[in-house]
Amino acid sequence: MRFTRAPVCEACLEHRERLRPAAECSRCGAPFENELPLHGTGLCGLCRRGVTDFAWGRGFGLYDGTLRHLIHLLKYDGMRPLALPLARRLVPLLVEAGPVDLLVPVPLDGRRERHRGFNQAAAVAAEVSRLSGIRLEKRALRRVRSTETQTGLSDRQRRLNVRGAFQVRHPEVIAGRNIALIDDVITTGATASACALTLERAGAARVVVLALARARRRIVEVPAAPARAAVAGAGA
């Protein structure tokens, strides 16, 4: 048995079986409760409404169990060595994502980064860059205002909370490039969408999102209601 620097066994550190739901949104990767999407687009409700601003997004697994524990150890307990085994889970997603020229981590709110001492998304992105050879632009994107925690907010509230919260430092670095935005967890995709929109407005050719986990927010696709038909004898 090999000892690790974190209170996690070697098998859990090396586990790389990715979440593959029976059906998922073809754009953001949100799992469907049904085996097949009932709408011809293959998109979840948020993506059909056009509120998803990135071209493609996937999480390695569900934000649950061992993966959730590993993310918490990195994020809240400062166990930075976990950035490497977590980054190994994201490298295969780069192949699925299509061409990627640059890696950009989702910036952390300044107050939280000072409190934690580091940005967990940036730590993971640095390891993904080292493993893949894709260039990292650690500070290409920055937060220009503090935001409230997204926990407990509705989808609409989350999007309002992060609207206009990001800015590109050097647009010439971003212009014409295919960007992979790196984050720890996707819930509704509001933060990732706000970041992607900012990058696109700065000239990015395409933005995809790679996250370690997706929050358990399963979507039931409901078929459109049939047109109401006259009922014989109605009112009798």
# chains A, B, ... in the order shown; residues from 1 in each chain; ligands from 1
>>> select_by_dssp(residues="segment 17-206 of chain A", states="helix (DSSP H, G or I)", output="PyMOL selection string")
chain A and resi 45-48+65-75+80-97+110-116+120-132+155-162+171-174+190-201
>>> residues_around(residues="Leu93 of chain A", least_positions_apart="5", cutoff="10 Å", atoms="only C-alpha atoms", output="PyMOL selection string")
chain A and resi 18+57-60+88+98+209-211
>>> write_last_selection(atoms="N, CA, C and O atoms", output="PDB file, in the first residue's frame")
ATOM      1  N   ARG A  18     -15.795   8.135 -15.247  1.00  0.00           N
ATOM      2  CA  ARG A  18     -16.532   9.375 -15.403  1.00  0.00           C
ATOM      3  C   ARG A  18     -18.044   9.153 -15.406  1.00  0.00           C
ATOM      4  O   ARG A  18     -18.526   8.098 -15.804  1.00  0.00           O
ATOM      5  N   GLY A  57     -20.125  21.988 -22.244  1.00  0.00           N
ATOM      6  CA  GLY A  57     -19.642  21.865 -20.879  1.00  0.00           C
ATOM      7  C   GLY A  57     -19.895  20.482 -20.325  1.00  0.00           C
ATOM      8  O   GLY A  57     -20.910  19.858 -20.632  1.00  0.00           O
ATOM      9  N   ARG A  58     -18.960  19.989 -19.532  1.00  0.00           N
ATOM     10  CA  ARG A  58     -19.111  18.685 -18.888  1.00  0.00           C
ATOM     11  C   ARG A  58     -18.431  18.698 -17.523  1.00  0.00           C
ATOM     12  O   ARG A  58     -17.442  19.392 -17.302  1.00  0.00           O
ATOM     13  N   GLY A  59     -18.991  17.893 -16.605  1.00  0.00           N
ATOM     14  CA  GLY A  59     -18.358  17.627 -15.323  1.00  0.00           C
ATOM     15  C   GLY A  59     -17.877  16.196 -15.329  1.00  0.00           C
ATOM     16  O   GLY A  59     -18.488  15.325 -15.955  1.00  0.00           O
ATOM     17  N   PHE A  60     -16.781  15.933 -14.613  1.00  0.00           N
ATOM     18  CA  PHE A  60     -16.249  14.567 -14.579  1.00  0.00           C
ATOM     19  C   PHE A  60     -17.208  13.616 -13.888  1.00  0.00           C
ATOM     20  O   PHE A  60     -17.436  12.499 -14.318  1.00  0.00           O
ATOM     21  N   ARG A  88      -6.070  15.057 -13.252  1.00  0.00           N
ATOM     22  CA  ARG A  88      -5.984  13.883 -14.137  1.00  0.00           C
ATOM     23  C   ARG A  88      -7.367  13.467 -14.638  1.00  0.00           C
ATOM     24  O   ARG A  88      -7.498  12.891 -15.713  1.00  0.00           O
ATOM     25  N   GLY A  98     -13.094  19.211 -27.963  1.00  0.00           N
ATOM     26  CA  GLY A  98     -12.698  19.802 -29.244  1.00  0.00           C
ATOM     27  C   GLY A  98     -11.418  20.596 -29.088  1.00  0.00           C
ATOM     28  O   GLY A  98     -10.778  20.564 -28.042  1.00  0.00           O
ATOM     29  N   VAL A 209     -16.483  24.484 -21.074  1.00  0.00           N
ATOM     30  CA  VAL A 209     -16.317  24.448 -19.622  1.00  0.00           C
ATOM     31  C   VAL A 209     -16.026  23.015 -19.182  1.00  0.00           C
ATOM     32  O   VAL A 209     -16.762  22.090 -19.519  1.00  0.00           O
ATOM     33  N   LEU A 210     -14.947  22.852 -18.425  1.00  0.00           N
ATOM     34  CA  LEU A 210     -14.599  21.558 -17.842  1.00  0.00           C
ATOM     35  C   LEU A 210     -14.622  21.710 -16.327  1.00  0.00           C
ATOM     36  O   LEU A 210     -13.919  22.559 -15.774  1.00  0.00           O
ATOM     37  N   ALA A 211     -15.421  20.903 -15.658  1.00  0.00           N
ATOM     38  CA  ALA A 211     -15.531  20.965 -14.198  1.00  0.00           C
ATOM     39  C   ALA A 211     -15.270  19.590 -13.602  1.00  0.00           C
ATOM     40  O   ALA A 211     -15.488  18.562 -14.249  1.00  0.00           O
TER      41      ALA A 211
END
>>> atom_distance(atom1="atom CA of Gln120 of chain A", atom2="atom CA of Asp184 of chain A")
7.3 Å
>>> residues_around(residues="Lys75 of chain A", least_positions_apart="2", cutoff="8 Å", atoms="only C-alpha atoms", output="PDB file with all heavy atoms, in the first residue's frame")
ATOM      1  N   ILE A  71     -12.924  17.267  -3.411  1.00  0.00           N
ATOM      2  CA  ILE A  71     -13.038  18.694  -3.740  1.00  0.00           C
ATOM      3  C   ILE A  71     -13.043  19.536  -2.470  1.00  0.00           C
ATOM      4  O   ILE A  71     -12.387  20.577  -2.399  1.00  0.00           O
ATOM      5  CB  ILE A  71     -14.296  18.957  -4.594  1.00  0.00           C
ATOM      6  CG1 ILE A  71     -14.136  18.296  -5.975  1.00  0.00           C
ATOM      7  CG2 ILE A  71     -14.539  20.459  -4.758  1.00  0.00           C
ATOM      8  CD1 ILE A  71     -15.404  18.304  -6.804  1.00  0.00           C
ATOM      9  N   HIS A  72     -13.742  19.070  -1.442  1.00  0.00           N
ATOM     10  CA  HIS A  72     -13.795  19.809  -0.179  1.00  0.00           C
ATOM     11  C   HIS A  72     -12.429  19.850   0.503  1.00  0.00           C
ATOM     12  O   HIS A  72     -12.056  20.872   1.096  1.00  0.00           O
ATOM     13  CB  HIS A  72     -14.834  19.193   0.749  1.00  0.00           C
ATOM     14  CG  HIS A  72     -16.223  19.655   0.468  1.00  0.00           C
ATOM     15  ND1 HIS A  72     -17.191  19.778   1.439  1.00  0.00           N
ATOM     16  CD2 HIS A  72     -16.818  20.041  -0.688  1.00  0.00           C
ATOM     17  CE1 HIS A  72     -18.322  20.212   0.901  1.00  0.00           C
ATOM     18  NE2 HIS A  72     -18.112  20.377  -0.397  1.00  0.00           N
ATOM     19  N   LEU A  73     -11.683  18.742   0.439  1.00  0.00           N
ATOM     20  CA  LEU A  73     -10.350  18.719   1.041  1.00  0.00           C
ATOM     21  C   LEU A  73      -9.426  19.727   0.359  1.00  0.00           C
ATOM     22  O   LEU A  73      -8.635  20.406   1.018  1.00  0.00           O
ATOM     23  CB  LEU A  73      -9.748  17.311   0.945  1.00  0.00           C
ATOM     24  CG  LEU A  73     -10.337  16.253   1.875  1.00  0.00           C
ATOM     25  CD1 LEU A  73      -9.761  14.877   1.539  1.00  0.00           C
ATOM     26  CD2 LEU A  73     -10.060  16.589   3.332  1.00  0.00           C
ATOM     27  N   ASP A  77      -9.955  22.697   2.979  1.00  0.00           N
ATOM     28  CA  ASP A  77      -8.903  22.289   3.909  1.00  0.00           C
ATOM     29  C   ASP A  77      -7.501  22.576   3.380  1.00  0.00           C
ATOM     30  O   ASP A  77      -6.509  22.241   4.039  1.00  0.00           O
ATOM     31  CB  ASP A  77      -9.037  20.799   4.249  1.00  0.00           C
ATOM     32  CG  ASP A  77     -10.318  20.498   5.007  1.00  0.00           C
ATOM     33  OD1 ASP A  77     -10.796  21.400   5.725  1.00  0.00           O
ATOM     34  OD2 ASP A  77     -10.846  19.387   4.888  1.00  0.00           O
ATOM     35  N   GLY A  78      -7.426  23.164   2.189  1.00  0.00           N
ATOM     36  CA  GLY A  78      -6.141  23.588   1.657  1.00  0.00           C
ATOM     37  C   GLY A  78      -5.180  22.471   1.302  1.00  0.00           C
ATOM     38  O   GLY A  78      -3.965  22.695   1.292  1.00  0.00           O
ATOM     39  N   MET A  79      -5.678  21.281   0.986  1.00  0.00           N
ATOM     40  CA  MET A  79      -4.795  20.170   0.630  1.00  0.00           C
ATOM     41  C   MET A  79      -4.448  20.248  -0.847  1.00  0.00           C
ATOM     42  O   MET A  79      -4.996  19.533  -1.689  1.00  0.00           O
ATOM     43  CB  MET A  79      -5.449  18.837   0.989  1.00  0.00           C
ATOM     44  CG  MET A  79      -5.614  18.661   2.483  1.00  0.00           C
ATOM     45  SD  MET A  79      -6.069  16.994   2.952  1.00  0.00           S
ATOM     46  CE  MET A  79      -6.043  17.151   4.734  1.00  0.00           C
ATOM     47  N   ARG A 116      -8.745  31.624   1.813  1.00  0.00           N
ATOM     48  CA  ARG A 116      -8.248  30.270   1.560  1.00  0.00           C
ATOM     49  C   ARG A 116      -6.756  30.249   1.258  1.00  0.00           C
ATOM     50  O   ARG A 116      -6.090  29.226   1.442  1.00  0.00           O
ATOM     51  CB  ARG A 116      -9.005  29.641   0.390  1.00  0.00           C
ATOM     52  CG  ARG A 116     -10.472  29.414   0.676  1.00  0.00           C
ATOM     53  CD  ARG A 116     -11.194  28.875  -0.547  1.00  0.00           C
ATOM     54  NE  ARG A 116     -12.636  28.920  -0.346  1.00  0.00           N
ATOM     55  CZ  ARG A 116     -13.543  28.713  -1.301  1.00  0.00           C
ATOM     56  NH1 ARG A 116     -13.133  28.429  -2.538  1.00  0.00           N
ATOM     57  NH2 ARG A 116     -14.819  28.791  -1.037  1.00  0.00           N
ATOM     58  N   ASN A 119      -6.721  29.809  -5.160  1.00  0.00           N
ATOM     59  CA  ASN A 119      -7.927  29.542  -5.944  1.00  0.00           C
ATOM     60  C   ASN A 119      -7.878  28.089  -6.391  1.00  0.00           C
ATOM     61  O   ASN A 119      -6.976  27.698  -7.136  1.00  0.00           O
ATOM     62  CB  ASN A 119      -7.974  30.487  -7.154  1.00  0.00           C
ATOM     63  CG  ASN A 119      -9.146  30.202  -8.084  1.00  0.00           C
ATOM     64  OD1 ASN A 119      -9.939  29.286  -7.851  1.00  0.00           O
ATOM     65  ND2 ASN A 119      -9.253  30.974  -9.149  1.00  0.00           N
ATOM     66  N   GLN A 120      -8.813  27.276  -5.934  1.00  0.00           N
ATOM     67  CA  GLN A 120      -8.783  25.845  -6.248  1.00  0.00           C
ATOM     68  C   GLN A 120      -8.896  25.574  -7.736  1.00  0.00           C
ATOM     69  O   GLN A 120      -8.265  24.654  -8.253  1.00  0.00           O
ATOM     70  CB  GLN A 120      -9.882  25.102  -5.477  1.00  0.00           C
ATOM     71  CG  GLN A 120     -11.310  25.351  -5.928  1.00  0.00           C
ATOM     72  CD  GLN A 120     -11.884  26.648  -5.386  1.00  0.00           C
ATOM     73  OE1 GLN A 120     -11.257  27.321  -4.563  1.00  0.00           O
ATOM     74  NE2 GLN A 120     -13.089  26.983  -5.822  1.00  0.00           N
TER      75      GLN A 120
END
>>> closest_atom_pairs(of="segment 39-158 of chain A", to="segment 179-182 of chain A", cutoff="10 Å", atoms="only C-alpha atoms", output="CSV")
residue,atom,partner,partner_atom,distance
A:Phe54,CA,A:Leu181,CA,9.2
A:Trp56,CA,A:Ala180,CA,9.5
A:Gly57,CA,A:Leu181,CA,9.1
A:Ala87,CA,A:Ile182,CA,9.9
A:Leu90,CA,A:Ile182,CA,9.0
A:Leu94,CA,A:Ala180,CA,8.1
A:Ala97,CA,A:Ala180,CA,8.2
A:Gly98,CA,A:Ala180,CA,9.6
A:Pro99,CA,A:Ile179,CA,8.6
A:Val100,CA,A:Ile179,CA,5.7
A:Asp101,CA,A:Ile179,CA,6.1
A:Leu102,CA,A:Ile179,CA,5.0
A:Leu103,CA,A:Ala180,CA,4.9
A:Val104,CA,A:Leu181,CA,4.9
A:Pro105,CA,A:Ile182,CA,4.6
A:Val106,CA,A:Ile182,CA,6.0
A:Pro107,CA,A:Ile182,CA,9.5
A:Gln120,CA,A:Ile182,CA,9.9
A:Ala121,CA,A:Ile182,CA,6.1
A:Ala122,CA,A:Ile182,CA,7.7
A:Ala123,CA,A:Ile182,CA,9.9
A:Val124,CA,A:Ile182,CA,7.8
A:Ala125,CA,A:Ile182,CA,6.1
A:Ala126,CA,A:Ile182,CA,9.8
A:Val128,CA,A:Ile182,CA,9.2
A:Ile134,CA,A:Ala180,CA,9.8
A:Leu136,CA,A:Ala180,CA,9.7
A:Glu137,CA,A:Ile179,CA,9.8
A:Leu141,CA,A:Leu181,CA,9.9
>>> closest_residue(among="A:Thr187, A:Thr147, A:Thr66, A:Gln157", to="Leu108 of chain A", atoms="only C-alpha atoms")
A:Thr147
>>> residues_around(residues="Ile174 of chain A", least_positions_apart="5", cutoff="7 Å", atoms="only C-alpha atoms", output="list in words")
Ala202, Gly203 and Ala204 of chain A
>>> select_by_dssp(residues="segment 158-213 of chain A", states="strand (DSSP E)", output="PDB file with N, CA and C atoms, in the first residue's frame")
ATOM      1  N   PHE A 166     -17.204  39.906 -14.139  1.00  0.00           N
ATOM      2  CA  PHE A 166     -15.916  39.477 -14.671  1.00  0.00           C
ATOM      3  C   PHE A 166     -15.400  40.422 -15.756  1.00  0.00           C
ATOM      4  N   GLN A 167     -14.087  40.388 -15.945  1.00  0.00           N
ATOM      5  CA  GLN A 167     -13.456  41.244 -16.956  1.00  0.00           C
ATOM      6  C   GLN A 167     -12.207  40.541 -17.489  1.00  0.00           C
ATOM      7  N   VAL A 168     -11.955  40.713 -18.772  1.00  0.00           N
ATOM      8  CA  VAL A 168     -10.747  40.166 -19.386  1.00  0.00           C
ATOM      9  C   VAL A 168      -9.632  41.193 -19.259  1.00  0.00           C
ATOM     10  N   ASN A 178      -9.562  29.317 -28.812  1.00  0.00           N
ATOM     11  CA  ASN A 178     -10.525  28.374 -28.237  1.00  0.00           C
ATOM     12  C   ASN A 178     -10.165  28.185 -26.768  1.00  0.00           C
ATOM     13  N   ILE A 179     -11.073  28.555 -25.899  1.00  0.00           N
ATOM     14  CA  ILE A 179     -10.794  28.594 -24.470  1.00  0.00           C
ATOM     15  C   ILE A 179     -11.497  27.452 -23.733  1.00  0.00           C
ATOM     16  N   ALA A 180     -10.761  26.785 -22.828  1.00  0.00           N
ATOM     17  CA  ALA A 180     -11.374  25.844 -21.892  1.00  0.00           C
ATOM     18  C   ALA A 180     -11.382  26.507 -20.521  1.00  0.00           C
ATOM     19  N   LEU A 181     -12.569  26.783 -20.025  1.00  0.00           N
ATOM     20  CA  LEU A 181     -12.754  27.386 -18.713  1.00  0.00           C
ATOM     21  C   LEU A 181     -12.757  26.258 -17.686  1.00  0.00           C
ATOM     22  N   ILE A 182     -11.918  26.359 -16.655  1.00  0.00           N
ATOM     23  CA  ILE A 182     -11.783  25.299 -15.658  1.00  0.00           C
ATOM     24  C   ILE A 182     -12.430  25.731 -14.347  1.00  0.00           C
ATOM     25  N   ASP A 183     -13.301  24.850 -13.789  1.00  0.00           N
ATOM     26  CA  ASP A 183     -13.944  25.144 -12.514  1.00  0.00           C
ATOM     27  C   ASP A 183     -14.037  23.864 -11.698  1.00  0.00           C
ATOM     28  N   ASP A 184     -14.428  24.003 -10.421  1.00  0.00           N
ATOM     29  CA  ASP A 184     -14.554  22.815  -9.582  1.00  0.00           C
ATOM     30  C   ASP A 184     -15.931  22.171  -9.713  1.00  0.00           C
ATOM     31  N   VAL A 185     -17.002  22.973  -9.643  1.00  0.00           N
ATOM     32  CA  VAL A 185     -18.356  22.412  -9.664  1.00  0.00           C
ATOM     33  C   VAL A 185     -19.263  23.251 -10.569  1.00  0.00           C
ATOM     34  N   ILE A 186     -20.068  22.581 -11.373  1.00  0.00           N
ATOM     35  CA  ILE A 186     -21.136  23.242 -12.137  1.00  0.00           C
ATOM     36  C   ILE A 186     -22.453  22.932 -11.434  1.00  0.00           C
ATOM     37  N   ARG A 206     -14.294  30.390 -29.175  1.00  0.00           N
ATOM     38  CA  ARG A 206     -15.193  29.373 -28.618  1.00  0.00           C
ATOM     39  C   ARG A 206     -14.801  29.152 -27.173  1.00  0.00           C
ATOM     40  N   VAL A 207     -15.795  28.945 -26.311  1.00  0.00           N
ATOM     41  CA  VAL A 207     -15.526  28.694 -24.893  1.00  0.00           C
ATOM     42  C   VAL A 207     -16.232  27.411 -24.472  1.00  0.00           C
ATOM     43  N   VAL A 208     -15.476  26.473 -23.902  1.00  0.00           N
ATOM     44  CA  VAL A 208     -16.042  25.258 -23.325  1.00  0.00           C
ATOM     45  C   VAL A 208     -15.734  25.277 -21.828  1.00  0.00           C
ATOM     46  N   VAL A 209     -16.483  24.484 -21.074  1.00  0.00           N
ATOM     47  CA  VAL A 209     -16.317  24.448 -19.622  1.00  0.00           C
ATOM     48  C   VAL A 209     -16.026  23.015 -19.182  1.00  0.00           C
ATOM     49  N   LEU A 210     -14.947  22.852 -18.425  1.00  0.00           N
ATOM     50  CA  LEU A 210     -14.599  21.558 -17.842  1.00  0.00           C
ATOM     51  C   LEU A 210     -14.622  21.710 -16.327  1.00  0.00           C
ATOM     52  N   ALA A 211     -15.421  20.903 -15.658  1.00  0.00           N
ATOM     53  CA  ALA A 211     -15.531  20.965 -14.198  1.00  0.00           C
ATOM     54  C   ALA A 211     -15.270  19.590 -13.602  1.00  0.00           C
ATOM     55  N   LEU A 212     -14.813  19.592 -12.373  1.00  0.00           N
ATOM     56  CA  LEU A 212     -14.587  18.331 -11.683  1.00  0.00           C
ATOM     57  C   LEU A 212     -15.905  17.613 -11.409  1.00  0.00           C
ATOM     58  N   ALA A 213     -16.949  18.369 -11.122  1.00  0.00           N
ATOM     59  CA  ALA A 213     -18.219  17.738 -10.740  1.00  0.00           C
ATOM     60  C   ALA A 213     -19.407  18.574 -11.172  1.00  0.00           C
TER      61      ALA A 213
END
>>> closest_residue(among="A:Thr188, A:Arg177, A:Leu13, A:Cys195", to="Cys44 of chain A", atoms="only C-alpha atoms")
A:Thr188
>>> closest_residue(among="A:Leu86, A:Leu46, A:Arg139, A:Val173", to="Arg156 of chain A", atoms="only C-alpha atoms")
A:Leu46
>>> closest_residue(among="A:Arg142, A:His115, A:Ala83, A:Gly110", to="Glu127 of chain A", atoms="only C-alpha atoms")
A:Ala83
>>> closest_residue(among="A:Leu131, A:Leu199, A:Ala11, A:Ala194", to="Val162 of chain A", atoms="only C-alpha atoms")
A:Ala194
